[in-house]
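**Q** Before I ask anything, let me first share the structure, which is written out below as structure tokens.
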Amino acid sequence: MPIVTFPWPVIRPPLEWIDQAIPVFSPRSEEERSKDRFDGNPSNVDIYTGLAYGYRLFGEGAAEGLYRTMSSLVLAQRQCERLLDIGCGVGRMLYDCAPALPHTQFTGVDYSYEMCRRAARILQSNGELRLPAWQHRGMSQAVLRGVGPLPNVHLAQANALDLPFAAATFDTVTATLLLCRLSDPLRGLAEMVRVLRPGGRLLLATPFGYLDAVQWQALAGPGKLREILSSFGFRIEEWFDGLVYREVIDASGNAHDWRVTVAAATLVP
Ligand SMILES: C[S@@+](CC[C@H](N)C(=O)[O-])C[C@H]1O[C@@H](n2cnc3c(N)ncnc32)[C@H](O)[C@@H]1O
């Protein structure tokens, strides 16, 4: 098996590898993966790729307000040696920021094997990627070219609720559209705090679009998130609600809108 080459401490070894290249820290059974919309259906991975890279593939800007907001928060930082993007999906934030900050080591983790695989294909190779699933939605056959290999990007499969990294490892932690996909969003926040160094920054974007009554009770909306971040010792530096993230469904312009809250906060030492 390959040797883990992360430039920082992991607290347990990977138990499997995806394609002999991506370490797996929180293995999932075939059955678990097949029930997860982010992991079980390859055409969904094409759909998420088209949503995240729609501006490149189709000239579609519907998601750009969100992605450019997050990348501008990352790029505005003065000092960041190590950044962790939790729930990195198909790697859009890493794609935008890693080439611009060559001295920052970027780590992307996702629970989904297929999302990790797709992120690797885009960030660690320079091959062409075609997305036939979008043709069924009336979009043109478009090709995305990988930008890899990016030497400062590291990918791993891991669970946001049980990260394999030592405490206080990262200068910045980001999570875009992740919090409301977690079964236990409070535990997810506690893990973010654990791996962030004192003085480090948390950049969050979440629409609070839960699918489960328990999650609504745990962290219903922006007011509660603010309260929890303050109780963890964060100083909030930027906050706004109502950023529209539009998920385009098809060539007719049908879409889902998400109302996203964006927060940038520093963990007070
Ligand atoms: C809506 S997507 C957002 C992806 C990416 N952050 C973006 O904005 O393009 C949510 C991602 O969170 C991942 N995810 C869900 N639960 C997770 C968990 N427990 N640990 C890590 N990733 C998780 C999913 O696999 C999926 O890739």
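So you can find residues: chains in the structure tokens are A, B, ... in the order shown, residues in each start at 1, and ligands are numbered from 1 in order.
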Output the neighbourhood of ligand 1 as a list in words, that is, all protein and nucleic acid residues with some atom at most 7 Å from the ligand, counting only C-alpha atoms and all ligand atoms.
**A**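 Listing the residues within 7 Å of ligand 1 gives Phe38, Asp39, Ala52, Ile86, Gly87, Cys88, Gly89, Val90, Gly91, Arg92, Val109, Asp110, Tyr111, Ser112, Met115, Ala158, Asn159, Ala160, Leu161, Ala175, Thr176, Leu177, Leu178, Arg181 and Leu182 of chain A.
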**Q** Can you write just those residues out, N, CA and C atoms, as an mmCIF file, in the first residue's frame?
**A**
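To be explicit, this is the file written out as out-v5.cif:
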data_model
loop_
_atom_site.group_PDB
_atom_site.id
_atom_site.type_symbol
_atom_site.label_atom_id
_atom_site.label_comp_id
_atom_site.auth_asym_id
_atom_site.auth_seq_id
_atom_site.Cartn_x
_atom_site.Cartn_y
_atom_site.Cartn_z
ATOM 1 N N PHE A 38 -24.566 10.998 -2.608
ATOM 2 C CA PHE A 38 -23.277 11.524 -3.055
ATOM 3 C C PHE A 38 -22.306 10.396 -3.437
ATOM 4 N N ASP A 39 -22.689 9.152 -3.151
ATOM 5 C CA ASP A 39 -21.736 8.058 -3.355
ATOM 6 C C ASP A 39 -22.291 6.915 -4.209
ATOM 7 N N ALA A 52 -20.883 22.364 -9.846
ATOM 8 C CA ALA A 52 -19.726 23.071 -9.287
ATOM 9 C C ALA A 52 -18.897 23.770 -10.369
ATOM 10 N N ILE A 86 -13.584 20.555 4.414
ATOM 11 C CA ILE A 86 -14.330 19.351 4.833
ATOM 12 C C ILE A 86 -15.585 19.226 3.961
ATOM 13 N N GLY A 87 -15.812 18.021 3.438
ATOM 14 C CA GLY A 87 -16.922 17.823 2.494
ATOM 15 C C GLY A 87 -16.597 18.528 1.190
ATOM 16 N N CYS A 88 -15.399 18.250 0.683
ATOM 17 C CA CYS A 88 -14.871 19.020 -0.469
ATOM 18 C C CYS A 88 -15.607 18.714 -1.759
ATOM 19 N N GLY A 89 -16.389 17.626 -1.776
ATOM 20 C CA GLY A 89 -17.131 17.282 -2.988
ATOM 21 C C GLY A 89 -16.188 17.094 -4.166
ATOM 22 N N VAL A 90 -16.536 17.698 -5.291
ATOM 23 C CA VAL A 90 -15.724 17.526 -6.504
ATOM 24 C C VAL A 90 -14.572 18.529 -6.565
ATOM 25 N N GLY A 91 -14.344 19.244 -5.462
ATOM 26 C CA GLY A 91 -13.077 19.977 -5.307
ATOM 27 C C GLY A 91 -13.061 21.401 -5.824
ATOM 28 N N ARG A 92 -14.213 22.039 -5.919
ATOM 29 C CA ARG A 92 -14.233 23.371 -6.557
ATOM 30 C C ARG A 92 -13.399 24.398 -5.794
ATOM 31 N N VAL A 109 -11.256 16.637 2.236
ATOM 32 C CA VAL A 109 -11.775 15.327 2.652
ATOM 33 C C VAL A 109 -13.256 15.252 2.334
ATOM 34 N N ASP A 110 -13.684 14.058 1.990
ATOM 35 C CA ASP A 110 -15.106 13.821 1.752
ATOM 36 C C ASP A 110 -15.422 12.384 2.168
ATOM 37 N N TYR A 111 -16.656 12.199 2.655
ATOM 38 C CA TYR A 111 -17.074 10.857 3.086
ATOM 39 C C TYR A 111 -17.325 9.945 1.881
ATOM 40 N N SER A 112 -17.677 10.558 0.761
ATOM 41 C CA SER A 112 -18.054 9.792 -0.427
ATOM 42 C C SER A 112 -16.817 9.370 -1.224
ATOM 43 N N MET A 115 -16.979 11.024 -4.729
ATOM 44 C CA MET A 115 -16.619 12.448 -4.757
ATOM 45 C C MET A 115 -15.098 12.594 -4.674
ATOM 46 N N ALA A 158 -12.753 10.746 4.436
ATOM 47 C CA ALA A 158 -12.854 10.810 5.898
ATOM 48 C C ALA A 158 -14.237 11.328 6.267
ATOM 49 N N ASN A 159 -14.635 11.009 7.491
ATOM 50 C CA ASN A 159 -15.933 11.447 7.992
ATOM 51 C C ASN A 159 -15.754 12.739 8.780
ATOM 52 N N ALA A 160 -16.545 13.742 8.452
ATOM 53 C CA ALA A 160 -16.476 15.035 9.156
ATOM 54 C C ALA A 160 -16.745 14.878 10.651
ATOM 55 N N LEU A 161 -17.416 13.802 11.033
ATOM 56 C CA LEU A 161 -17.755 13.606 12.449
ATOM 57 C C LEU A 161 -16.651 12.872 13.203
ATOM 58 N N ALA A 175 -15.946 24.782 5.103
ATOM 59 C CA ALA A 175 -17.001 23.788 4.840
ATOM 60 C C ALA A 175 -18.114 24.502 4.078
ATOM 61 N N THR A 176 -18.297 24.115 2.835
ATOM 62 C CA THR A 176 -19.306 24.742 1.971
ATOM 63 C C THR A 176 -20.419 23.737 1.711
ATOM 64 N N LEU A 177 -21.628 24.093 2.061
ATOM 65 C CA LEU A 177 -22.805 23.243 1.825
ATOM 66 C C LEU A 177 -22.652 21.873 2.494
ATOM 67 N N LEU A 178 -22.010 21.841 3.646
ATOM 68 C CA LEU A 178 -21.785 20.566 4.341
ATOM 69 C C LEU A 178 -22.648 20.419 5.597
ATOM 70 N N ARG A 181 -25.807 18.627 5.799
ATOM 71 C CA ARG A 181 -25.800 17.243 5.307
ATOM 72 C C ARG A 181 -25.277 16.294 6.383
ATOM 73 N N LEU A 182 -24.875 16.824 7.530
ATOM 74 C CA LEU A 182 -24.328 15.957 8.583
ATOM 75 C C LEU A 182 -25.445 15.444 9.484
#
**Q** If we count only C-alpha atoms and set the cut-off at 12 Å, which residues sit around Gln77 of chain A, ignoring sequence neighbours fewer than 2 positions away in its own chain? Please answer as a list in words.
**A**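 Answer for this query is Met70, Ser71, Ser72, Leu73, Val74, Leu75, Gln79, Cys80, Glu81, Arg82, Leu83, Cys97, Ala100, Leu101, Thr104, Asp171, Thr172, Gly200, Arg201, Leu202, Leu203, Ala264 and Thr266 of chain A.
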**Q** Include N, CA and C atoms and write out the residues we just selected as a short mmCIF file (atom, residue, chain, number, x, y, z; two decimals), in the first residue's frame.
**A**
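The new file out_11.cif reads:
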data_model
loop_
_atom_site.label_atom_id
_atom_site.label_comp_id
_atom_site.auth_asym_id
_atom_site.auth_seq_id
_atom_site.Cartn_x
_atom_site.Cartn_y
_atom_site.Cartn_z
N MET A 70 -16.64 32.14 -1.29
CA MET A 70 -15.78 31.30 -0.45
C MET A 70 -14.32 31.44 -0.87
N SER A 71 -14.08 31.45 -2.18
CA SER A 71 -12.66 31.53 -2.57
C SER A 71 -12.10 32.91 -2.24
N SER A 72 -12.91 33.96 -2.30
CA SER A 72 -12.35 35.28 -1.95
C SER A 72 -12.00 35.33 -0.47
N LEU A 73 -12.79 34.66 0.38
CA LEU A 73 -12.45 34.63 1.82
C LEU A 73 -11.13 33.87 2.04
N VAL A 74 -10.94 32.79 1.30
CA VAL A 74 -9.69 32.02 1.44
C VAL A 74 -8.51 32.84 0.91
N LEU A 75 -8.69 33.43 -0.26
CA LEU A 75 -7.56 34.12 -0.91
C LEU A 75 -7.17 35.41 -0.18
N GLN A 79 -1.92 34.68 6.16
CA GLN A 79 -1.03 33.57 6.50
C GLN A 79 -1.84 32.29 6.66
N CYS A 80 -1.53 31.33 5.82
CA CYS A 80 -2.21 30.05 5.98
C CYS A 80 -1.29 28.97 5.41
N GLU A 81 -0.71 28.20 6.31
CA GLU A 81 0.16 27.11 5.83
C GLU A 81 -0.66 25.87 5.47
N ARG A 82 -1.71 25.62 6.29
CA ARG A 82 -2.47 24.39 6.10
C ARG A 82 -3.96 24.69 6.14
N LEU A 83 -4.64 24.34 5.07
CA LEU A 83 -6.09 24.53 5.01
C LEU A 83 -6.78 23.18 4.84
N CYS A 97 -8.48 27.84 -5.46
CA CYS A 97 -7.52 28.50 -4.56
C CYS A 97 -6.12 27.89 -4.56
N ALA A 100 -3.50 29.45 -6.78
CA ALA A 100 -3.20 30.85 -6.44
C ALA A 100 -2.38 30.97 -5.16
N LEU A 101 -2.37 29.94 -4.32
CA LEU A 101 -1.62 29.98 -3.05
C LEU A 101 -0.68 28.77 -2.99
N THR A 104 0.51 27.30 0.38
CA THR A 104 -0.47 26.73 1.32
C THR A 104 -0.70 25.27 0.94
N ASP A 171 -4.63 25.89 9.96
CA ASP A 171 -4.76 27.33 10.12
C ASP A 171 -6.16 27.79 9.69
N THR A 172 -6.71 27.08 8.73
CA THR A 172 -8.04 27.44 8.21
C THR A 172 -8.82 26.16 7.97
N GLY A 200 -6.84 30.30 14.47
CA GLY A 200 -7.18 29.87 13.11
C GLY A 200 -8.57 30.35 12.70
N ARG A 201 -8.86 30.18 11.39
CA ARG A 201 -10.11 30.73 10.86
C ARG A 201 -11.04 29.63 10.35
N LEU A 202 -12.31 29.84 10.63
CA LEU A 202 -13.35 28.94 10.13
C LEU A 202 -14.18 29.70 9.10
N LEU A 203 -14.32 29.11 7.91
CA LEU A 203 -15.13 29.73 6.84
C LEU A 203 -16.25 28.76 6.51
N ALA A 264 -17.42 33.96 8.54
CA ALA A 264 -15.96 33.88 8.67
C ALA A 264 -15.65 34.24 10.11
N THR A 266 -12.78 33.77 13.67
CA THR A 266 -11.46 33.39 14.18
C THR A 266 -11.61 32.75 15.55
#
**Q** Of the candidates A:Pro13, A:Gly223, A:Gly138, A:Gly188, which one gets nearest to Asp162 of chain A if we count only C-alpha atoms?
**A**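 So, comparing all the options, the nearest one is A:Gly188.
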**Q** Name the closest residue to Arg187 of chain A among the candidates A:Ala156, A:Gly148, A:Ile228, A:Arg28; distances are taken between atoms, counting only C-alpha atoms.
**A**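 Residue with the minimum atom-to-atom distance to Arg187 of chain A: A:Ile228.
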**Q** For segment 234-251 of chain A, please output as a VMD selection string all residues within 10 Å (counting only C-alpha atoms; exclusion window: fewer than 5 positions along the same chain).
**A** chain A and resid 47 to 48 50 to 52 54 58 60 to 67 69 73 134 to 140 177 193 198 to 207 222 226 to 229 256 to 269
**Q** Excluding Gln217 of chain A and any residue of its chain fewer than 5 positions from it, enumerate the residues within 12 Å of it, using only C-alpha atoms, and give them as an mmCIF file with N, CA and C atoms, in the first residue's frame.
**A**
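Contents of around.cif, freshly written:
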data_model
loop_
_atom_site.group_PDB
_atom_site.id
_atom_site.type_symbol
_atom_site.label_atom_id
_atom_site.label_comp_id
_atom_site.auth_asym_id
_atom_site.auth_seq_id
_atom_site.Cartn_x
_atom_site.Cartn_y
_atom_site.Cartn_z
ATOM 1 N N CYS A 180 -25.465 21.075 6.863
ATOM 2 C CA CYS A 180 -26.825 20.529 6.929
ATOM 3 C C CYS A 180 -26.925 19.162 6.266
ATOM 4 N N SER A 183 -25.335 14.170 9.887
ATOM 5 C CA SER A 183 -26.359 13.603 10.780
ATOM 6 C C SER A 183 -26.329 14.322 12.137
ATOM 7 N N ASP A 184 -25.139 14.820 12.526
ATOM 8 C CA ASP A 184 -25.014 15.497 13.811
ATOM 9 C C ASP A 184 -24.201 16.787 13.584
ATOM 10 N N PRO A 185 -24.884 17.879 13.183
ATOM 11 C CA PRO A 185 -24.133 19.094 12.835
ATOM 12 C C PRO A 185 -23.327 19.666 13.995
ATOM 13 N N LEU A 186 -23.791 19.478 15.241
ATOM 14 C CA LEU A 186 -23.016 20.021 16.375
ATOM 15 C C LEU A 186 -21.698 19.277 16.534
ATOM 16 N N PHE A 208 -28.781 25.614 5.858
ATOM 17 C CA PHE A 208 -29.661 25.035 6.888
ATOM 18 C C PHE A 208 -30.842 24.281 6.241
ATOM 19 N N TYR A 210 -32.099 21.151 6.181
ATOM 20 C CA TYR A 210 -32.034 19.794 6.751
ATOM 21 C C TYR A 210 -33.101 18.874 6.173
ATOM 22 N N LEU A 211 -32.860 17.570 6.349
ATOM 23 C CA LEU A 211 -33.810 16.565 5.877
ATOM 24 C C LEU A 211 -34.361 15.766 7.053
ATOM 25 N N ASP A 212 -34.047 16.201 8.279
ATOM 26 C CA ASP A 212 -34.335 15.375 9.443
ATOM 27 C C ASP A 212 -34.721 16.267 10.626
ATOM 28 N N LYS A 224 -28.906 30.393 15.907
ATOM 29 C CA LYS A 224 -28.340 29.319 16.731
ATOM 30 C C LYS A 224 -26.864 29.075 16.376
ATOM 31 N N LEU A 225 -26.537 29.147 15.082
ATOM 32 C CA LEU A 225 -25.141 28.927 14.669
ATOM 33 C C LEU A 225 -24.234 29.999 15.286
#
**Q** One decimal, in Å: what's the spacing between atom CA of Ser230 of chain A and atom CA of Ala76 of chain A?
**A**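 Between atom CA of Ser230 of chain A and atom CA of Ala76 of chain A the gap works out to 22.7 Å.
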**Q** Show me, as a PyMOL selection string, the residues that have an atom within 10 Å of Arg12 of chain A when counting only C-alpha atoms, minus same-chain residues fewer than 2 positions from it.
**A** chain A and resi 9-10+14-15+25+163-166
**Q** Would you list, as an MDAnalysis selection string, the residues of segment 6-223 of chain A that end up in strand (DSSP E or B) under DSSP run on this structure's backbone?
**A** chainID A and resid 10 16:18 22:24 82:86 105:110 128:130 143:145 153:157 165 170:176 196:206
**Q** Among segment 12-223 of chain A, which ones does DSSP place in alpha helix (DSSP H), written as a ChimeraX atom specification?
**A** /A:30-35,42-52,54-57,64-75,92-97,113-123,185-195,213-218,222-223
**Q** Just checking: using only C-alpha atoms, which residue out of A:Glu191, A:Leu155, A:Pro149, A:Cys116 ends up closest to Ala168 of chain A?
**A** A:Glu191
**Q** Excluding same-chain residues fewer than 2 positions from His154 of chain A, what lies within 10 Å of it counting only C-alpha atoms, as a list in words?
**A**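 Listed by chain and then number, they are Thr5, Phe6, Pro7, Ile22, Pro23, Leu84, Leu94, Gln105, Phe106, Thr107, Gly108, Val109, Ala120, Leu123, Gln124, Leu150, Pro151, Asn152 and Ala156 of chain A.
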**Q** Can you work out the spacing between atom CA of Gly146 of chain A and atom CA of Arg121 of chain A in Å, to one decimal?
**A**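 So the two atoms, atom CA of Gly146 of chain A and atom CA of Arg121 of chain A, lie 6.5 Å apart.
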